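In what follows, a structure is listed as structure tokens, so that the remarks can point back to it.
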Amino acid sequence: MNTATLAAADARTPASADAREDAALFRKITWRLMPLLCACYVLNYLDRTNVGYAQLQMKDQLGFSDAVFGLGAGIFFLGYAVFEIPSNLMLAKIGVRATLLRIMGLWGLASAAMMFATTPTQFYVLRFLIGVFEAGFAPGVLFYLTLWFPSRRRAQATALFFMAFGAAPIVAGPIAGLTMTYLDGVLALRGWQWLFLLEGLPSVLLGVMAFRFLSNSPAQAPWLSTAEKQRVARLLAEDQAAHGAAGRHTFGAAMRDGRVWLIGFMSFLIILGIYALSFWQPTILKSMGLSVLQIGFYSVIPAIAGIAANILVGRHSDRHQERRWHFALGALAGAAGLALTTLFMQSPIAAVLCLALASMGISSAFTVLWAIPGSFMSKSAAAAGIALISTIGGSAGLVAPMMVGALKTLTGGFTASLYVLSGALVLSALLMLLALPRRALGKR
């Protein structure tokens, strides 16, 4: 080996060592934070969507119509949207530990209290309160990740967090099916009552665990050495400096940024499909003659397909640093899956496979969409910008259940609503390709 080669190798060694140390440091941070945050997100999904399974029994037992259920399922998001931004701004002041304790403790108790609802008014009030208490959870965690991970590592952490959302339906269906089948009548409680109780109370416990084990920032983490804290601080400062232009953004700038509103609207279109399926997929499968237990296990198939696509497409998008086409193709695949489902409403297996295609497209598009804001929003704008995007998108949760319920009442089936949701996904793909050009996304 000649002198020049040795010199070049020596020059590369420090950088290589630094890269290994950085990788080890953020691997340590990831293992400390993400399992607990992901577990919180799984319970978050269960507590906001278990009403979709509970209504298989409670609608008949309590005499609720499709319109009552649709309004009750959707009104959750009214409370959620109103308190989303205030909750996220409060998190930036009081920290994630106190915020998660407040959010998870209150939403868990309110979710468990759903077992006592016997009238539409009680149903509406409790669903609204769950939305109020839960407001700020997901955008709060996304903001929290910006305090720990520089932008080039943040997408991976974000993907892990959203993977929990995609994985939650894998356990939601079987848990609901087994609980509502085998605990129905135990201690004079119906199966749907047990479902709310057993999925609500663990959120309170996990909120206490989050308060106990999480740290508000790297500087406050007792499980990091002084050198590790300094290294994280330096890497975050360098990342901020590398996005100097974005670093001058303020709260007002984030609110005035047209890209934030456009991404929020695209999120709205995608989430229409997510929550329409979350709340009404059990009813769609029931209309095909399946039992509650069968519905629980059939629902696993679209969920597994969605999480697989989420991982593969997210990794491919990160590797190529390309977002627009990854999002658009995912949205179009989701649209095709929903539209094809209408052709197989009498064939459970074929319909589930079409729903799996829809889940794959919607899940992957949603994950890719959330990788985009970090390319143009700095930390100073992130709390407000992420909360605004989440609020706009989350409002679809208010619209989707009521829209599907109203169309089902009007037409007697789900075909019309599936076509509407398919059209919304096509529109989101067109907006990404035509209204959000590559140059608007910086390096992304």
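Numbering starts fresh at 1 for the residues of each chain in the structure tokens, the chains themselves are lettered A, B, ... in the order given, and ligands are numbered from 1 as they appear.
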Please identify all polymer residues within 8 Å of Ile295 of chain A, counting only C-alpha atoms, omitting same-chain residues fewer than 5 positions from it, and present them as a PDB file with C-alpha atoms, in the first residue's frame.
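Result went into part_22.pdb, see below:
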```pdb
ATOM      1  CA  GLY A 173     -59.222  -7.118  15.686  1.00  0.00           C
ATOM      2  CA  GLY A 177     -63.272 -10.447  18.645  1.00  0.00           C
ATOM      3  CA  PRO A 282     -65.961  -4.303  10.830  1.00  0.00           C
ATOM      4  CA  LEU A 285     -67.254  -7.489   6.935  1.00  0.00           C
ATOM      5  CA  LYS A 286     -70.335  -8.142   9.069  1.00  0.00           C
ATOM      6  CA  LEU A 290     -69.060 -13.009   9.169  1.00  0.00           C
TER       7      LEU A 290
END
```
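With only C-alpha atoms as the atoms that count, the residue of A:Ile274, A:Leu236, A:Val420, A:Ile392 with the shortest distance to Ala358 of chain A is A:Ile274.
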(request) Apply DSSP to the backbone of this structure and, from segment 44-244 of chain A, keep only the residues in alpha helix (DSSP H); write these as a VMD selection string. (result) chain A and resid 44 to 62 66 to 94 96 to 113 120 to 134 137 to 146 151 to 182 191 to 213 226 to 242 244
In terms of only C-alpha atoms, the residue from A:Ala276, A:Leu43, A:Ile301, A:Ala67 at minimal distance from Val399 of chain A is A:Ala276
